[in-house]
Amino acid sequence: MADYKETGVLSLDDIVKPSLERMNKGPVVVIECVENIPCDPCVAACPKEAISMEDITDVPQVDFHGCVGCGLCVTECPGLAIFILDTTSEPCTVTIPYEYLPVPEKGDTVYALDRDGKRVQQSQVLRVRCSGKTHGITISVEKENAWNVRGLEVKK
Amino acid sequence: MEDNRIRKHPVLEFERGEEIYFEFEGERVKAYPGETIAAALYANGLVKFTESKRHHRPRGFFCAIGKCSSCIMRVDGVPHVRTCTTPAEDGMKVERHGALPEFPKDVPPNSPRPLERDIDVAIVGGGPAGLSGAIVAANHGLDVHVFDEGNHQGGQLVKQTHQFFGSHREEAGTRGIDLAVELKEEAHKAGVHIHGGSTVLGYYPDMTLTVEHENKLEIYRAKAMAYCTGAVENYLAFENNDLPGIYGAGGVQTLMNEYGIIPGKRVLMIGSGNVGLIVSYQLLQAGVDVVEVIEAMPHFGGYQVHASKLRRAGVPIRTRHTIKRALGTEQVTGAVVHELDEHWQPIPGTERELECDVICIAVGLHPDNQFLRQAGAEMKYVRELGGYVPVRTPDMETTVEGIYVAGDAAGIEEATVAALEGKLVGYAVAERLLGGSEEITMKKEGVQKSIEGMRQGPYGEYPRRGVKMCTLEEEVC
Amino acid sequence: MSVVICRCEDLTEEDILEAIEKGFKEIESIKRHLRLGMGQCQGKTCVLLTHRILARELGLTPEDMDEPTARPPSRQVSFNVLAGDDDE
């Protein structure tokens with residue numbers, strides 16, 4: 001049994017990553033969904049048809065070159081497992097699905113958390129997109145943290 | 001006075017309406033229309049609801065959905081009222097009674113002769129399975145009646161505030177609470193007769209049900225029946241396991257998501273299946289601390305994505321851990337947990353004391369099958385489906401002709417499967433009562449295909465194997 | 001400190017073990033002996049736990065066992081609901 005089934009924390013090796021070449025072209029989706037669960041709203045959410053599945057229990061297949069990094073899928077995933085990474089912008093950004101209160105506002109400083117819930121750095125909220133009750137929140141991150149930051153905590 | 005009601009929630013809105021007041025042991029208690037007596041009392045800080053029969057130990061509610069009866073009190077002079085399903089009303093008088101309450105002195109007037117009615121289809125349970133089946137059957141022109149104990153239907157969907165998994169064609173991405181509203185609207189449009197606040201008391205031969213509604217007896221004779229009675233939460237044996245503050249995950253969800261009341265401040269979650277993981281996440285959303293999630297197995301049981309959400313929020317998930325005892329005398333003040341070795345034995349020296357005011361038990365569900373037993377349906381133990389389940393045909397007909405089953409009562413699976421099984425039963429009932437057609441056969445096959453689809457993949461292996469064990473081969477005509 | 005098995009009838013693990021000792025070796029007879037599962041909830045919490053004890057003590061599997069007989073009424077109901085006042 002994989003380690004994450006014990007810890008609940010994915011390692012970088014568990015995740016399908018876009019190529020460096022693609023990362024250097026701009027924002028791109030990263031889907032941290034590694035089990036064959038019966039779920040497919042991400043497929044319907046993508047306007048570019050860059051996410052596909054043959055069977056509903058397949059792990060989502062991403063055509064990273066088709067993905068434009070729009071982030072519409074981020075708020076549609078019931079597992080809150082979809083993120084957008086942009087390592088080409090200054091600063092680099094990660095877009096995170098968020099369903100807690102209070103909802104941070106653009107310009108706020110928040111704690112960026114890793115997959116283990118640990119505070120990694122302080123981040124600026126750059127964009128807040130609301131779809132239904134789920135928010136897609138884009139925060140600034142240092143380049144070396146782009147692959148670690150997956151959560152955020154509003155400062156009290 | 002304490003008020004444990006949630007004012008602001010990231011996903012839910014609680015429209016509470018005008019305050020009403022009832023009397024509890026001489027005190028004025030605030031409630032809102034739609035709240036049950038138990039919910040309103042809990043919102044005001046009451047945790048001890050009754051006393052146990054022999055040892056007079058304090059008891060709180062456990063299930064909060066009318067199954068466990070740990071919340072019985074005297075309401076307007078009548079003892080043994082399940083306060084978790086009885087709506088609070090202005091001016092009511094509520095009091096706790098001991099283990100063996102006095103017989104009421106003012107006996108209510110006798111009820112009139114029972115109402116008797118012949119109907120086409122009786123469906124017991126108004127959850128996703130029952131409503132989905134009722135809609136299909138009613139759309140074929142049948143006289144369909146759904147009996148549900150609760151005052152608003154939708155079953156356990158109403159407390160599911162997370163987006164649904166599954167196919168987006170089958171409403172995935174929709175939240176359970178929204179799905180419940182949709183189903184109810186559709187049922188009304190289809191002309192389904194929904195009997196809320198109606199408790200089915202028993203099954204009698206030749207398709208007869210007795211129902212209690214507003215203190216009156218009703219008798220329904222049907223041409224076909226479907227049992228969509230859902231499931232009951234599994235209980236766990238550990239020292240002090242009956243203290244107030246120890247609740248089933250469903251009870252916690254009901255309190256929190258249906259009535260907008262927090263169960264406590266610090267919760268220890270036992271069990272890491274999807275229910276345990278999802279409820280933990282919902283607790284965080286409601287602003288409640290989740291101290292730890294513990295799991296006896298060497299790995300957690302639910303989906304990785306649910307576990308990852310919790311871990312990102314800093315909640316530890318401890319596998320190979322179990323609870324030894326609950327601490328507290330009147331209510332939970334903590335818990336002692338310990339590690340298990342590979343033979344499920346406690347490892348000495350690993351005991352830890354945790355501070356918490358709620359222990360939430362999420363160790364699975366088992367089918368609620370008592371009416372199927374009353375009807376004499378053949379049952380079979382199928383571990384993969386959570387317990388004793390009825391033997392059924394591919395159309396979900398039990399071994400009693402004309403009696404069908406759908407949803408968790410047929411085996412513990414997800415709500416999407418329950419709704420699909422309900423649909424399948426709807427078509428099968430229409431076929432039985434109105435005669436078959438090519439269209440119905442096609443529809444049935446379509447639904448069966450969707451159900452099979454939901455059972456693909458590694459998580460589907462378990463139910464897939466289970467269903468195979470209790471499904472009879474297709475009859476050869 | 002007790003481990004409660006049947007909440008409604010207030011039966012502990014010791015009560016069940018004692019019953020097994022006395023020779024009540026399946027759920028139906030334990031039920032008749034102790035009223036296990038005959039309270040308000042009609043066996044919704046205790047049956048599973050009792051099966052586990054029986055399995056542990058007697059080496060039974062769930063397939064060897066069965067749930068107790070279910071009879072109406074499935075819920076507590078007041079007598080005046082059942083015994084209507086009627087002229088006819």
# chains A, B, ... in the order shown; residues from 1 in each chain; ligands from 1
call {"tool": "closest_atom_pairs", "arguments": {"of": "chain B", "to": "chain C", "cutoff": "7 Å", "atoms": "only C-alpha atoms", "output": "CSV"}}
result
residue,atom,partner,partner_atom,distance
B:Ser52,CA,C:Asp10,CA,6.0
B:Lys53,CA,C:Asp10,CA,5.8
B:Arg54,CA,C:Asp10,CA,6.0
B:Lys67,CA,C:Cys41,CA,6.0
B:Cys68,CA,C:Cys41,CA,4.9
B:Ser69,CA,C:Cys41,CA,5.6
B:Asn110,CA,C:Asn80,CA,5.1
B:Ser111,CA,C:Gly84,CA,4.9
B:Pro112,CA,C:Gly84,CA,5.3
B:Arg113,CA,C:Gly84,CA,5.5
B:Leu201,CA,C:Pro73,CA,4.7
B:Gly202,CA,C:Pro72,CA,4.5
B:Asn215,CA,C:Val81,CA,5.7
B:Lys216,CA,C:Val81,CA,5.3
B:Leu217,CA,C:Val81,CA,5.7
B:Val232,CA,C:Lys44,CA,6.6
B:Asn234,CA,C:Thr45,CA,6.6
B:Tyr235,CA,C:Thr45,CA,5.8
B:Ala237,CA,C:Val3,CA,5.9
B:Phe238,CA,C:Val3,CA,5.4
B:Glu239,CA,C:Val3,CA,4.6
B:Asn240,CA,C:Ser2,CA,5.8
B:Asn241,CA,C:Val3,CA,6.1
B:Asp242,CA,C:Val4,CA,6.3
B:Gln370,CA,C:Ala70,CA,5.8
B:Arg373,CA,C:Ala70,CA,6.0
B:Gln374,CA,C:Ala70,CA,5.5
B:Tyr381,CA,C:Glu63,CA,5.9
call {"tool": "select_by_dssp", "arguments": {"residues": "region 16-120 of chain A", "states": "alpha helix (DSSP H)", "output": "ChimeraX atom specification"}}
result
/A:20-23,41-45
call {"tool": "closest_atom_pairs", "arguments": {"of": "region 46-109 of chain A", "to": "region 13-34 of chain A", "cutoff": "12 Å", "atoms": "only C-alpha atoms", "output": "tab-separated table"}}
result
residue	atom	partner	partner_atom	distance
A:Cys46	CA	A:Val29	CA	10.6
A:Ala50	CA	A:Val29	CA	9.8
A:Ile51	CA	A:Val29	CA	9.7
A:Thr57	CA	A:Val34	CA	10.8
A:Asp58	CA	A:Val34	CA	9.3
A:Val59	CA	A:Val34	CA	6.2
A:Pro60	CA	A:Cys33	CA	7.6
A:Gln61	CA	A:Ile31	CA	9.1
A:Val62	CA	A:Val29	CA	8.2
A:Asp63	CA	A:Pro18	CA	9.0
A:Phe64	CA	A:Pro18	CA	6.2
A:His65	CA	A:Arg22	CA	6.9
A:Gly66	CA	A:Val28	CA	9.5
A:Cys67	CA	A:Val28	CA	6.3
A:Val68	CA	A:Val28	CA	6.3
A:Gly69	CA	A:Val28	CA	4.2
A:Cys70	CA	A:Pro27	CA	7.7
A:Gly71	CA	A:Val29	CA	7.3
A:Leu72	CA	A:Val29	CA	10.0
A:Cys73	CA	A:Val29	CA	8.6
A:Val74	CA	A:Val29	CA	8.5
A:Cys77	CA	A:Ile31	CA	9.6
A:Pro78	CA	A:Cys33	CA	10.9
A:Gly79	CA	A:Cys33	CA	8.0
A:Leu80	CA	A:Glu32	CA	8.9
A:Ala81	CA	A:Glu32	CA	5.1
A:Ile82	CA	A:Ile31	CA	4.6
A:Phe83	CA	A:Val30	CA	5.3
A:Ile84	CA	A:Val29	CA	4.5
A:Leu85	CA	A:Pro27	CA	5.4
A:Asp86	CA	A:Pro27	CA	4.1
A:Thr87	CA	A:Met23	CA	6.6
A:Thr88	CA	A:Gly26	CA	5.5
A:Ser89	CA	A:Gly26	CA	7.4
A:Glu90	CA	A:Gly26	CA	11.2
A:Cys92	CA	A:Pro27	CA	9.5
A:Thr93	CA	A:Pro27	CA	8.5
A:Val94	CA	A:Pro27	CA	9.0
A:Thr95	CA	A:Val29	CA	9.3
A:Ile96	CA	A:Val30	CA	10.7
A:Pro97	CA	A:Ile31	CA	11.8
call {"tool": "residues_around", "arguments": {"residues": "region 289-291 of chain B", "least_positions_apart": "3", "cutoff": "10 Å", "atoms": "only C-alpha atoms", "output": "list in words"}}
result
Gly264, Lys265, Arg266, Val267, Leu268, Met269, Val279, Ser280, Tyr281, Gln282, Leu283, Leu284, Gln285, Ala286, Ile294, Leu310, Ala313, Gly314, Val315, Pro316, Ile317, Leu354, Glu355, Cys356, Val358 and Ile359 of chain B
call {"tool": "write_last_selection", "arguments": {"atoms": "C-alpha atoms", "output": "mmCIF file, in the first residue's frame"}}
result
data_model
loop_
_atom_site.group_PDB
_atom_site.id
_atom_site.type_symbol
_atom_site.label_atom_id
_atom_site.label_comp_id
_atom_site.auth_asym_id
_atom_site.auth_seq_id
_atom_site.Cartn_x
_atom_site.Cartn_y
_atom_site.Cartn_z
ATOM 1 C CA GLY B 264 -18.786 20.834 20.678
ATOM 2 C CA LYS B 265 -15.460 22.576 20.533
ATOM 3 C CA ARG B 266 -12.931 19.781 20.166
ATOM 4 C CA VAL B 267 -13.764 16.538 18.415
ATOM 5 C CA LEU B 268 -11.941 13.231 18.334
ATOM 6 C CA MET B 269 -12.949 11.378 15.177
ATOM 7 C CA VAL B 279 -17.459 14.892 8.653
ATOM 8 C CA SER B 280 -14.062 15.948 10.000
ATOM 9 C CA TYR B 281 -13.754 18.400 7.137
ATOM 10 C CA GLN B 282 -17.277 19.675 7.741
ATOM 11 C CA LEU B 283 -16.435 20.187 11.417
ATOM 12 C CA LEU B 284 -13.488 22.344 10.391
ATOM 13 C CA GLN B 285 -15.777 24.294 8.084
ATOM 14 C CA ALA B 286 -18.110 24.925 11.020
ATOM 15 C CA ILE B 294 -7.829 7.693 14.505
ATOM 16 C CA LEU B 310 -7.641 17.352 6.358
ATOM 17 C CA ALA B 313 -5.595 21.847 7.431
ATOM 18 C CA GLY B 314 -3.167 20.340 9.926
ATOM 19 C CA VAL B 315 -5.401 17.542 11.244
ATOM 20 C CA PRO B 316 -3.405 14.403 12.111
ATOM 21 C CA ILE B 317 -4.657 11.058 10.823
ATOM 22 C CA LEU B 354 -6.543 13.646 24.566
ATOM 23 C CA GLU B 355 -8.671 16.556 25.582
ATOM 24 C CA CYS B 356 -11.979 16.730 23.734
ATOM 25 C CA VAL B 358 -17.003 15.175 21.578
ATOM 26 C CA ILE B 359 -16.061 11.706 20.400
#
call {"tool": "select_by_dssp", "arguments": {"residues": "region 158-339 of chain B", "states": "strand (DSSP E)", "output": "PyMOL selection string"}}
result
chain B and resi 193-195+198-204+208-213+216-221+224-227+231-233+246-248+266-270+289-294+317-318+321-327+334-339
call {"tool": "atom_distance", "arguments": {"atom1": "CA of Asp3 (chain B)", "atom2": "CA of Gly45 (chain B)"}}
result
6.9 Å
call {"tool": "atom_distance", "arguments": {"atom1": "CA of Gly127 (chain B)", "atom2": "CA of Leu183 (chain B)"}}
result
9.1 Å
call {"tool": "residues_around", "arguments": {"residues": "region 338-352 of chain B", "least_positions_apart": "6", "cutoff": "9 Å", "atoms": "only C-alpha atoms", "output": "number ranges by chain"}}
result
B: 296-298, 318-324
call {"tool": "write_last_selection", "arguments": {"atoms": "C-alpha atoms", "output": "PDB file, in the first residue's frame"}}
result
ATOM      1  CA  ALA B 296      -7.482   0.898  13.649  1.00  0.00           C
ATOM      2  CA  MET B 297      -6.406  -0.249  10.189  1.00  0.00           C
ATOM      3  CA  PRO B 298      -2.847   0.289   8.956  1.00  0.00           C
ATOM      4  CA  ARG B 318      -3.302   8.280  13.025  1.00  0.00           C
ATOM      5  CA  THR B 319      -3.573   4.802  11.610  1.00  0.00           C
ATOM      6  CA  ARG B 320      -3.230   1.670  13.797  1.00  0.00           C
ATOM      7  CA  HIS B 321      -4.839   3.608  16.639  1.00  0.00           C
ATOM      8  CA  THR B 322      -7.979   2.981  18.607  1.00  0.00           C
ATOM      9  CA  ILE B 323      -9.856   4.355  21.574  1.00  0.00           C
ATOM     10  CA  LYS B 324      -9.503   2.669  24.931  1.00  0.00           C
TER      11      LYS B 324
END
call {"tool": "residues_around", "arguments": {"residues": "Cys71 (chain B)", "least_positions_apart": "4", "cutoff": "7 Å", "atoms": "only C-alpha atoms", "output": "VMD selection string"}}
result
chain B and resid 49 to 50 60 to 61 82 to 84
